[in-house]
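Next comes protein-v6.txt, with compact mmCIF, C-alpha atoms.
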# COMPACT_ATOMS: atom_id res chain seq x y z
CA MET A 1 9.95 -38.01 -12.14
CA LYS A 2 11.27 -37.68 -8.61
CA CYS A 3 14.26 -35.62 -9.76
CA LYS A 4 12.01 -33.41 -11.88
CA LEU A 5 9.68 -32.77 -8.96
CA SER A 6 12.64 -31.86 -6.75
CA ALA A 7 13.88 -29.36 -9.31
CA VAL A 8 10.43 -27.75 -9.55
CA LEU A 9 10.25 -27.43 -5.78
CA LEU A 10 13.72 -25.89 -5.63
CA LEU A 11 12.93 -23.40 -8.38
CA THR A 12 9.61 -22.50 -6.81
CA ALA A 13 11.27 -21.91 -3.44
CA LEU A 14 13.73 -19.56 -5.10
CA GLY A 15 10.96 -17.70 -6.90
CA ILE A 16 12.23 -18.69 -10.35
CA LEU A 17 9.25 -20.47 -11.89
CA PRO A 18 6.66 -17.67 -11.48
CA ALA A 19 8.90 -15.35 -13.54
CA LEU A 20 9.19 -17.34 -16.77
CA ALA A 21 9.55 -14.18 -18.83
CA ARG A 22 12.77 -13.29 -17.06
CA PRO A 23 16.00 -14.27 -18.80
CA ILE A 24 17.73 -17.22 -17.20
CA GLU A 25 21.03 -16.73 -15.41
CA PHE A 26 23.91 -19.14 -14.94
CA SER A 27 22.97 -19.81 -11.31
CA GLU A 28 19.59 -21.14 -12.42
CA VAL A 29 21.12 -23.34 -15.10
CA SER A 30 23.54 -24.70 -12.51
CA LEU A 31 20.63 -25.45 -10.19
CA LEU A 32 18.81 -27.36 -12.93
CA VAL A 33 21.92 -29.44 -13.64
CA ARG A 34 22.47 -30.20 -9.96
CA ALA A 35 18.81 -31.16 -9.64
CA HIS A 36 19.37 -33.72 -12.43
CA GLU A 37 16.91 -32.20 -14.85
CA SER A 38 17.06 -33.79 -18.31
CA ASN A 39 18.81 -32.02 -21.16
CA PRO A 40 15.53 -31.38 -23.04
CA GLU A 41 13.99 -29.79 -19.93
CA ILE A 42 16.99 -27.51 -19.39
CA LEU A 43 17.11 -26.51 -23.04
CA GLN A 44 13.39 -25.81 -23.05
CA GLN A 45 13.86 -23.41 -20.13
CA VAL A 46 16.76 -21.67 -21.87
CA GLN A 47 15.01 -21.49 -25.26
CA SER A 48 11.87 -19.95 -23.75
CA ARG A 49 13.71 -17.40 -21.62
CA LYS A 50 17.21 -17.11 -23.13
CA LEU A 51 20.44 -16.71 -21.22
CA LEU A 52 21.11 -13.31 -19.74
CA HIS A 53 24.84 -13.61 -20.51
CA PRO A 54 26.81 -15.97 -22.74
CA LEU A 55 28.23 -19.05 -21.06
CA THR A 56 31.89 -18.48 -20.15
CA PRO A 57 34.56 -21.22 -20.36
CA THR A 58 34.77 -21.27 -16.57
CA GLN A 59 31.02 -21.68 -16.25
CA ALA A 60 31.07 -24.46 -18.83
CA GLN A 61 33.68 -26.30 -16.80
CA THR A 62 31.58 -25.79 -13.65
CA LEU A 63 28.51 -27.29 -15.31
CA LYS A 64 30.55 -30.25 -16.56
CA ALA A 65 31.84 -30.87 -13.04
CA GLN A 66 28.24 -30.74 -11.79
CA GLY A 67 27.17 -33.46 -14.23
CA ALA A 68 26.28 -31.71 -17.49
CA ASN A 69 27.34 -33.58 -20.62
CA ASP A 70 29.18 -32.10 -23.61
CA THR A 71 26.05 -32.00 -25.76
CA LEU A 72 24.17 -29.83 -23.27
CA ILE A 73 27.12 -27.50 -22.80
CA ARG A 74 27.59 -27.16 -26.57
CA ASN A 75 23.91 -26.32 -26.99
CA LEU A 76 24.06 -23.74 -24.20
CA GLN A 77 26.92 -22.02 -25.99
CA ASP A 78 24.70 -21.33 -29.02
CA ALA A 79 24.60 -17.56 -29.54
CA ASN A 80 20.93 -17.78 -30.51
CA LEU A 81 20.10 -18.74 -26.92
CA VAL A 82 21.57 -15.53 -25.47
CA LEU A 83 19.95 -12.12 -25.17
CA SER A 84 21.29 -9.53 -27.59
CA PRO A 85 23.23 -6.60 -26.05
CA ALA A 86 20.20 -4.35 -26.63
CA GLU A 87 17.84 -6.83 -24.95
CA ALA A 88 20.23 -7.25 -22.02
CA ALA A 89 20.46 -3.46 -21.58
CA THR A 90 16.66 -3.13 -21.65
CA TYR A 91 16.33 -5.88 -19.05
CA ALA A 92 18.95 -4.20 -16.83
CA ASP A 93 17.05 -0.90 -17.03
CA GLN A 94 13.80 -2.65 -16.09
CA GLU A 95 15.46 -4.35 -13.14
CA GLN A 96 16.90 -1.07 -11.92
CA THR A 97 13.51 0.63 -12.22
CA SER A 98 11.93 -2.19 -10.24
CA ARG A 99 14.59 -1.96 -7.52
CA ASN A 100 14.12 1.81 -7.30
CA ARG A 101 10.36 1.35 -6.98
CA VAL A 102 10.76 -1.19 -4.18
CA SER A 103 13.30 1.00 -2.42
CA ALA A 104 11.02 4.04 -2.66
CA ARG A 105 8.11 2.02 -1.25
CA HIS A 106 10.23 0.84 1.68
CA ASP A 107 11.43 4.39 2.35
CA ARG A 108 7.82 5.58 2.31
CA GLU A 109 6.78 2.80 4.68
CA ASP A 110 9.61 3.70 7.06
CA SER A 111 8.63 7.37 7.06
CA LEU A 112 4.93 6.58 7.48
CA GLY A 113 5.68 4.29 10.41
CA ASP A 114 7.03 7.30 12.30
CA ARG A 115 3.83 9.25 11.63
CA VAL A 116 1.24 6.76 12.82
CA ARG A 117 -0.73 7.09 16.04
CA VAL A 118 -2.90 4.19 17.21
CA PHE A 119 -5.61 4.82 19.83
CA ASP A 120 -8.99 3.59 21.09
CA VAL A 121 -12.14 5.72 21.11
CA SER A 122 -15.56 4.93 22.60
CA TYR A 123 -18.57 4.44 20.37
CA GLY A 124 -20.25 7.75 19.62
CA HIS A 125 -17.25 9.81 20.78
CA PRO A 126 -16.16 12.11 17.94
CA VAL A 127 -12.60 12.34 16.66
CA ASN A 128 -11.63 15.77 15.34
CA LEU A 129 -8.97 15.56 12.64
CA SER A 130 -7.91 19.21 13.01
CA GLN A 131 -5.62 18.32 15.93
CA TRP A 132 -3.42 16.46 13.45
CA GLY A 133 -3.57 19.12 10.75
CA GLY A 134 -6.69 17.88 8.96
CA PRO A 135 -9.98 19.66 8.38
CA SER A 136 -12.15 20.60 11.34
CA TRP A 137 -14.47 17.68 10.80
CA GLU A 138 -15.42 15.11 13.36
CA ILE A 139 -15.88 11.41 12.80
CA ALA A 140 -17.74 9.20 15.26
CA PHE A 141 -18.29 5.45 15.12
CA GLN A 142 -21.60 3.87 16.00
CA LEU A 143 -22.34 0.23 16.72
CA ARG A 144 -25.56 -1.49 15.72
CA ARG A 145 -26.72 -5.10 15.56
CA GLU A 146 -28.04 -6.56 12.35
CA ALA A 147 -28.96 -10.25 11.93
CA GLY A 148 -26.91 -11.05 15.01
CA GLU A 149 -23.82 -9.29 13.68
CA ASP A 150 -22.08 -6.19 15.01
CA ILE A 151 -22.07 -3.47 12.33
CA ILE A 152 -19.71 -0.54 12.86
CA GLU A 153 -20.41 2.59 10.86
CA PRO A 154 -18.49 5.88 10.78
CA ILE A 155 -20.45 9.11 10.81
CA VAL A 156 -18.80 12.25 9.42
CA ILE A 157 -19.93 15.42 11.18
CA ASP A 158 -19.36 18.68 9.31
CA SER A 159 -19.37 21.70 11.64
CA TYR A 160 -19.55 25.23 10.34
CA THR A 161 -20.44 28.68 11.66
CA SER A 162 -22.56 31.39 10.08
CA ALA A 163 -22.03 35.00 11.20
CA ALA A 164 -24.04 38.10 10.29
CA THR A 165 -23.93 41.71 11.40
CA TYR A 166 -27.23 43.52 11.96
CA LEU A 167 -27.52 47.32 11.98
CA GLY A 168 -29.41 48.97 14.85
CA GLN A 169 -32.59 50.91 14.07
CA GLY A 170 -33.45 54.52 14.95
CA ARG A 171 -31.37 57.67 15.39
CA PRO A 172 -28.76 57.95 18.12
CA ASP A 173 -30.39 61.21 19.34
CA ASP A 174 -33.92 59.76 19.37
CA SER A 175 -34.51 58.56 22.93
CA THR A 176 -38.10 57.60 22.20
CA THR A 177 -37.40 54.80 19.69
CA VAL A 178 -38.26 51.31 20.81
CA PHE A 179 -35.51 49.80 18.65
CA ASP A 180 -31.99 49.08 19.85
CA ARG A 181 -29.78 51.60 18.11
CA ARG A 182 -26.62 49.44 18.50
CA ASP A 183 -25.21 47.20 15.77
CA TYR A 184 -24.90 43.56 16.80
CA LEU A 185 -23.36 40.34 15.51
CA SER A 186 -25.27 37.07 15.23
CA VAL A 187 -23.26 33.82 15.23
CA VAL A 188 -24.96 30.47 14.64
CA SER A 189 -23.19 27.08 14.58
CA TYR A 190 -24.46 24.19 12.50
CA ASP A 191 -23.68 20.48 12.53
CA ARG A 192 -24.41 18.33 9.49
CA SER A 193 -23.81 14.59 9.64
CA ARG A 194 -23.47 12.12 6.80
CA PRO A 195 -22.66 8.41 6.72
CA GLY A 196 -19.11 7.31 6.04
CA ALA A 197 -17.70 3.91 5.17
CA ILE A 198 -14.87 1.58 6.18
CA ASP A 199 -13.05 0.33 3.11
CA THR A 200 -12.54 -3.30 4.08
CA SER A 201 -11.58 -4.28 0.53
CA ASN A 202 -8.32 -2.32 0.41
CA PRO A 203 -6.44 -2.69 3.71
CA VAL A 204 -3.16 -0.84 4.10
CA SER A 205 -0.03 -2.32 5.65
CA ILE A 206 2.62 0.04 7.03
CA LYS A 207 6.04 -1.15 8.12
CA GLY A 208 6.37 -0.99 11.89
CA VAL A 209 2.60 -1.02 12.50
CA PRO A 210 1.37 -4.49 13.61
CA TYR A 211 -2.16 -4.03 12.22
CA LEU A 212 -3.96 -3.98 8.93
CA LEU A 213 -5.39 -0.49 8.46
CA TYR A 214 -8.77 -0.05 6.77
CA PRO A 215 -9.23 3.41 5.19
CA VAL A 216 -12.04 5.57 6.55
CA TYR A 217 -11.21 9.14 5.61
CA GLY A 218 -8.37 11.22 4.23
CA ALA A 219 -7.98 14.97 3.62
CA GLY A 220 -5.49 17.75 4.25
CA GLY A 221 -2.54 15.41 4.68
CA VAL A 222 -4.30 13.36 7.37
CA SER A 223 -5.68 9.84 6.95
CA LEU A 224 -7.90 7.99 9.41
CA TYR A 225 -7.96 4.19 9.48
CA TYR A 226 -10.11 1.64 11.26
CA ILE A 227 -8.31 -1.30 12.87
CA GLY A 228 -10.99 -3.22 14.75
CA LYS A 229 -13.17 -3.49 17.83
CA SER A 230 -11.60 -3.19 21.26
CA GLY A 231 -14.12 -3.92 24.02
CA GLY A 232 -16.56 -1.01 24.13
CA SER A 233 -14.39 1.00 21.76
CA VAL A 234 -12.97 0.98 18.27
CA ARG A 235 -9.25 0.98 17.59
CA LEU A 236 -8.17 3.61 15.08
CA ALA A 237 -4.98 4.87 13.50
CA VAL A 238 -4.11 8.33 12.23
CA VAL A 239 -1.32 9.01 9.74
CA SER A 240 -0.27 12.64 9.66
CA GLU A 241 2.79 14.72 8.87
CA ARG A 242 2.38 16.43 12.25
CA LEU A 243 3.06 13.28 14.24

Using the file provided, produce a representation of the structure as structure tokens.
Amino acid sequence: MKCKLSAVLLLTALGILPALARPIEFSEVSLLVRAHESNPEILQQVQSRKLLHPLTPTQAQTLKAQGANDTLIRNLQDANLVLSPAEAATYADQEQTSRNRVSARHDREDSLGDRVRVFDVSYGHPVNLSQWGGPSWEIAFQLRREAGEDIIEPIVIDSYTSAATYLGQGRPDDSTTVFDRRDYLSVVSYDRSRPGAIDTSNPVSIKGVPYLLYPVYGAGGVSLYYIGKSGGSVRLAVVSERL
């Protein structure tokens, strides 16, 4: 039992056990032998997962030197315990796809890390995303107390301008009219606010940034994240291609 527990701990540390669907490689079989797993336990692992490659004569000799008996080695050399060439090729393609995906994610994290700006802003002070290439909307954060807890809420402020041209009344040669004969332009600015939200359920981690980033808003290639409270301010992060 002690040897079996040691083998489980070793395999868990190497990340082998959680991936039972993965074919088993020679290095794992060697580890099981060196951990003094019983023949039935080793064969069960191989039967459920199958060997990625057939056991070579050199590998068989290595296992024998590590303590494997002839019966185990003979069983491991059974062709039925080895992936077919088609299965091995499919597995290799899946592994390559997985490596490409991980590499692409790391590349993205590296590039994002160069485009992150972290800063503090006072409660109620608006942040305009247009300076980083986003829409000309402002976001302010307000603090309120509820049941003894600090609640921080973002407020999105949409600003827009309405312009209209009005034509003057009367004839240019009529000096008696009481109306202004000139055309004029009327410009009125409006602000419309609406509540936002901090997505605390889906934090984002970016390589090189020592904080968890909680999404608040994203548009026009600019994303705003909430990090946390900082005294009388909130700490925010902006990710933008302009940075």

When you look at Tyr123 of chain A with a cut-off of 8 Å (counting all atoms listed in the file), what residues show up, excluding the ones that are within fewer than 2 positions of it in the same chain? I need them as a list in words.
Val121, His125, Ala140, Phe141, Gln142, Leu143, Gly232, Ser233 and Val234 of chain A

Nearby residues, (-11.0, 4.6, 9.9) file frame, 12 Å, all atoms listed in the file, as number ranges by chain
A: 118-121, 127, 129, 138-141, 152-156, 196-200, 203-204, 212-218, 222-229, 234-239

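Interatomic distance, atom CA of Gln61 of chain A against atom CA of Asn39 of chain A: 16.5 Å.
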
From the set A:Leu32, A:Leu72, A:Val116, A:Leu81, which residue has the shortest atom-to-atom contact distance to Leu52 of chain A, counting only C-alpha atoms?
A:Leu81

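If you look at atom CA of Ala60 of chain A and atom CA of Ile73 of chain A, they are 6.4 Å away from each other.
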